[in-house]
Amino acid sequence: MLEYLPLVILISLAAGLAVLVVILGHSFGPHRPTAKKGLPYESGMTPYGPGTRRMSVRYYLVAVLFILFDIEVVFFLPWAVMFRKLGVFGLVEMLIFIGILLVGYVYAWKKGALEWE
Amino acid sequence: MILDQVIFLITAVVVLTAAILVVSVPKMIHAALWLILALAGIAVLFVLLQAPFFAVVQVIVYIGAIAVLVIFAVMLTRKAMQDDGPQLNRYSVLAAAVSLMLFAVLTGMLLSWDGANNLPVNPAVNPDTIVNLGESLTNPQGFLLPFEVASILLLAALVGAIYIGREHRAGKEEE
Amino acid sequence: MNTIPMSYYLVLSAVMFTLGAIGVIIRRNPLVMFMSLELMFNAANLTFVAFSNAFGNANGQIFVFFVMVVAAAEVAVGLALIVAIFRTRHSIDIDLMNTLKN
């Protein structure tokens with residue numbers, strides 16, 4: 001369990017720093033809020049309408065591509081550990097795996113899911 | 001080792017609190033953020049169970065990809081999702097009763113089984129996770145076929161998600 | 001050196017699974033239902049890994065691997081469906097998705 005100590009230290013340092021910065025900013029910065037100051041910054045004009053805009057669906061498609069190829073990469077790791085032992089057989093196994101997913105990649109490319117325009 | 005138990009209890013409390021908040025907070029983006037906390041807690045439990053590889057995979061796949069996808073979906077549908085109506089559907093009381101029954105059956109079954117109390121989760125046994133995993137995944141007698149079939153599942157999901165999610169522009173594509 | 005009994009993990013994952021089930025059944029919002037589904041997947045994964053550790057057998061962990069693959073595929077297609085429904089109907093109230101019924 002002790003080998004995870006650096007990880008714990010890292011996470012608590014990161015979280016602690018974030019909390020500390022927020023607390024310091026709150027306690028030392030002056031607070032004189034007015035109605036005008038509370039407005040969102042809109043390059044000088046008065047903002048109107050809802051502040052949040054619906055995101056483009058292209059972000060979603062990129063995220064889908066990411067998730068699926070992410071899983072693929074996770075599969076590489078146990079295979080890579082065994083690679084020397086398996087030799088050519090392991091290579092063929094992985095080539096089949098990649099080959100099938102390559103079809104999906106080509107499909108995504110042809111359908112323009114990789115283009116942002 | 002008392003340290004393990006302390007870590008387990010803290011993590012369990014965090015995970016359960018986060019899980020309760022996921023199903024109960026009205027704002028979806030908050031639910032998504034609580035979901036991330038619950039998933040991170042599960043990663044800690046994987047470490048306690050001597051499966052560090054899965055702790056990393058949990059962070060990479062669940063927190064890094066699935067949770068991000070959920071947050072994207074929340075942002076894509078935000079306007080319609082600012083839900084002022086009731087958060088629950090018509091059958092909520094009945095459904096809650098059924099769920100509680102499910103819980104009673106699950107725990108009853110698990111705890112009436114002898115192994116639940118006799119089987120210790122043993123930190124001394126350390127199956128070398130990645131090597132074992134690689135051995136079974138690449139072995140034709142083991143899980144080679146599921147491994148290859150998984151790629152077909154991923155391919156189907158990829159094609160399906162792209163086809164459904166793409167914006168159909170008039171004149172350029174069918175439909 | 002047996003520190004944490006198996007039953008702790010089992011009860012924890014049973015509670016988590018039930019919470020996920022409650023979320024799936026009683027919430028009206030499909031995205032929250034998806035998040036609850038993820039909770040249920042994770043409860044099952046936790047049980048798999050706990051048993052895999054208790055029996056010193058890697059097969060449970062292999063299952064977790066495939067559960068993660070299925071979860072990723074399910075999320076990708078399911079959320080795409082929700083986004084597509086949102087685009088055509090401009091509402092994703094789960095009780096209104098009954099076009100196929102008639």
# chains A, B, ... in the order shown; residues from 1 in each chain; ligands from 1
>>> interface_residues(of="chain A", to="chain C", cutoff="10 Å", atoms="only C-alpha atoms", output="PDB file with C-alpha atoms, in the first residue's frame")
ATOM      1  CA  VAL A  57     -22.661  18.168 -32.201  1.00  0.00           C
ATOM      2  CA  TYR A  60     -19.797  14.961 -29.473  1.00  0.00           C
ATOM      3  CA  LEU A  61     -18.614  13.026 -32.526  1.00  0.00           C
ATOM      4  CA  ALA A  63     -15.649  12.497 -28.122  1.00  0.00           C
ATOM      5  CA  VAL A  64     -17.208   9.290 -29.463  1.00  0.00           C
ATOM      6  CA  LEU A  65     -14.197   8.631 -31.665  1.00  0.00           C
ATOM      7  CA  ILE A  67     -13.786   6.922 -26.363  1.00  0.00           C
ATOM      8  CA  LEU A  68     -13.719   4.021 -28.821  1.00  0.00           C
ATOM      9  CA  ASP A  70      -9.296   4.912 -26.059  1.00  0.00           C
ATOM     10  CA  ILE A  71     -10.690   1.461 -25.317  1.00  0.00           C
ATOM     11  CA  GLU A  72      -8.668   0.092 -28.199  1.00  0.00           C
ATOM     12  CA  VAL A  74      -6.293   0.030 -23.326  1.00  0.00           C
ATOM     13  CA  PHE A  75      -6.419  -3.370 -25.024  1.00  0.00           C
TER      14      PHE A  75
END
>>> interface_residues(of="chain B", to="chain A", cutoff="7 Å", atoms="only C-alpha atoms", output="MDAnalysis selection string")
chainID B and resid 61 65:66 69 72 75:76 78 130:131 133:135 138 148 151:152 154:155 158:159 162 165
>>> write_last_selection(atoms="C-alpha atoms", output="PDB file, in the first residue's frame")
ATOM      1  CA  VAL B  61     -11.835   4.989 -19.681  1.00  0.00           C
ATOM      2  CA  ALA B  65     -13.770   9.241 -21.696  1.00  0.00           C
ATOM      3  CA  ILE B  66     -17.227   8.125 -20.575  1.00  0.00           C
ATOM      4  CA  LEU B  69     -18.968  12.082 -23.170  1.00  0.00           C
ATOM      5  CA  PHE B  72     -20.829  16.713 -23.640  1.00  0.00           C
ATOM      6  CA  MET B  75     -24.163  20.417 -22.693  1.00  0.00           C
ATOM      7  CA  LEU B  76     -25.613  19.517 -26.075  1.00  0.00           C
ATOM      8  CA  ARG B  78     -28.970  21.779 -22.004  1.00  0.00           C
ATOM      9  CA  ILE B 130      -1.214  -7.255 -16.442  1.00  0.00           C
ATOM     10  CA  VAL B 131       0.763 -10.394 -17.252  1.00  0.00           C
ATOM     11  CA  LEU B 133      -4.472 -10.485 -18.235  1.00  0.00           C
ATOM     12  CA  GLY B 134      -2.280 -10.550 -21.302  1.00  0.00           C
ATOM     13  CA  GLU B 135      -1.873 -14.300 -21.038  1.00  0.00           C
ATOM     14  CA  THR B 138      -4.042 -13.652 -26.158  1.00  0.00           C
ATOM     15  CA  GLU B 148     -11.424 -10.151 -31.272  1.00  0.00           C
ATOM     16  CA  SER B 151     -13.295  -5.102 -31.765  1.00  0.00           C
ATOM     17  CA  ILE B 152     -16.390  -5.905 -33.813  1.00  0.00           C
ATOM     18  CA  LEU B 154     -16.438  -1.346 -30.991  1.00  0.00           C
ATOM     19  CA  LEU B 155     -16.701  -1.124 -34.786  1.00  0.00           C
ATOM     20  CA  LEU B 158     -18.425   3.531 -33.914  1.00  0.00           C
ATOM     21  CA  VAL B 159     -20.442   3.212 -37.104  1.00  0.00           C
ATOM     22  CA  ILE B 162     -21.399   8.336 -36.263  1.00  0.00           C
ATOM     23  CA  GLY B 165     -25.001  11.526 -34.325  1.00  0.00           C
TER      24      GLY B 165
END
>>> interface_residues(of="chain C", to="chain B", cutoff="6 Å", atoms="only C-alpha atoms", output="list in words")
Asn2, Ile4, Pro5, Met6, Ser7, Thr18, Ile22, Gly23, Ile26, Arg27, Arg28, Ala54, Ala73, Ala76, Val77, Ala80 and Ser91 of chain C
>>> residues_around(residues="C:Asn45", least_positions_apart="4", cutoff="7 Å", atoms="only C-alpha atoms", output="MDAnalysis selection string")
chainID C and resid 41 49 64
>>> decode(residues="stretch 28-53 of chain C", atoms="N, CA and C atoms", output="short mmCIF file (atom, residue, chain, number, x, y, z; two decimals), in the first residue's frame")
data_model
loop_
_atom_site.label_atom_id
_atom_site.label_comp_id
_atom_site.auth_asym_id
_atom_site.auth_seq_id
_atom_site.Cartn_x
_atom_site.Cartn_y
_atom_site.Cartn_z
N ARG C 28 -36.87 10.86 -14.53
CA ARG C 28 -37.55 11.05 -15.79
C ARG C 28 -36.56 11.40 -16.89
N ASN C 29 -35.36 11.75 -16.47
CA ASN C 29 -34.41 12.35 -17.38
C ASN C 29 -33.47 11.27 -17.93
N PRO C 30 -33.46 11.05 -19.24
CA PRO C 30 -32.67 9.94 -19.78
C PRO C 30 -31.18 10.05 -19.51
N LEU C 31 -30.66 11.28 -19.44
CA LEU C 31 -29.21 11.39 -19.19
C LEU C 31 -28.87 10.94 -17.77
N VAL C 32 -29.73 11.30 -16.82
CA VAL C 32 -29.48 10.84 -15.45
C VAL C 32 -29.64 9.33 -15.37
N MET C 33 -30.57 8.80 -16.20
CA MET C 33 -30.71 7.36 -16.23
C MET C 33 -29.42 6.70 -16.73
N PHE C 34 -28.79 7.35 -17.70
CA PHE C 34 -27.51 6.83 -18.19
C PHE C 34 -26.46 6.82 -17.09
N MET C 35 -26.41 7.93 -16.34
CA MET C 35 -25.41 7.98 -15.27
C MET C 35 -25.69 6.89 -14.24
N SER C 36 -26.98 6.64 -13.95
CA SER C 36 -27.30 5.58 -12.99
C SER C 36 -26.89 4.21 -13.54
N LEU C 37 -27.04 4.06 -14.86
CA LEU C 37 -26.58 2.81 -15.48
C LEU C 37 -25.09 2.62 -15.25
N GLU C 38 -24.34 3.72 -15.40
CA GLU C 38 -22.89 3.61 -15.15
C GLU C 38 -22.62 3.17 -13.72
N LEU C 39 -23.42 3.70 -12.78
CA LEU C 39 -23.25 3.27 -11.38
C LEU C 39 -23.46 1.76 -11.26
N MET C 40 -24.48 1.24 -11.96
CA MET C 40 -24.75 -0.19 -11.86
C MET C 40 -23.61 -1.00 -12.47
N PHE C 41 -23.11 -0.54 -13.63
CA PHE C 41 -21.95 -1.21 -14.24
C PHE C 41 -20.79 -1.26 -13.26
N ASN C 42 -20.57 -0.14 -12.57
CA ASN C 42 -19.42 -0.08 -11.67
C ASN C 42 -19.61 -0.97 -10.46
N ALA C 43 -20.85 -1.07 -9.99
CA ALA C 43 -21.10 -1.98 -8.86
C ALA C 43 -20.76 -3.41 -9.28
N ALA C 44 -21.19 -3.79 -10.49
CA ALA C 44 -20.88 -5.13 -10.97
C ALA C 44 -19.38 -5.32 -11.12
N ASN C 45 -18.70 -4.31 -11.65
CA ASN C 45 -17.25 -4.40 -11.80
C ASN C 45 -16.56 -4.60 -10.46
N LEU C 46 -17.05 -3.87 -9.47
CA LEU C 46 -16.44 -3.97 -8.14
C LEU C 46 -16.57 -5.40 -7.62
N THR C 47 -17.75 -5.99 -7.81
CA THR C 47 -17.93 -7.38 -7.36
C THR C 47 -16.99 -8.31 -8.10
N PHE C 48 -16.88 -8.12 -9.42
CA PHE C 48 -16.00 -8.97 -10.22
C PHE C 48 -14.56 -8.90 -9.69
N VAL C 49 -14.09 -7.69 -9.47
CA VAL C 49 -12.69 -7.55 -9.04
C VAL C 49 -12.51 -8.11 -7.64
N ALA C 50 -13.52 -7.92 -6.76
CA ALA C 50 -13.40 -8.45 -5.40
C ALA C 50 -13.30 -9.97 -5.43
N PHE C 51 -14.16 -10.61 -6.22
CA PHE C 51 -14.11 -12.07 -6.31
C PHE C 51 -12.81 -12.53 -6.94
N SER C 52 -12.40 -11.80 -7.98
CA SER C 52 -11.15 -12.16 -8.64
C SER C 52 -9.98 -12.12 -7.66
N ASN C 53 -10.02 -11.13 -6.76
CA ASN C 53 -8.96 -11.04 -5.76
C ASN C 53 -9.08 -12.16 -4.73
#
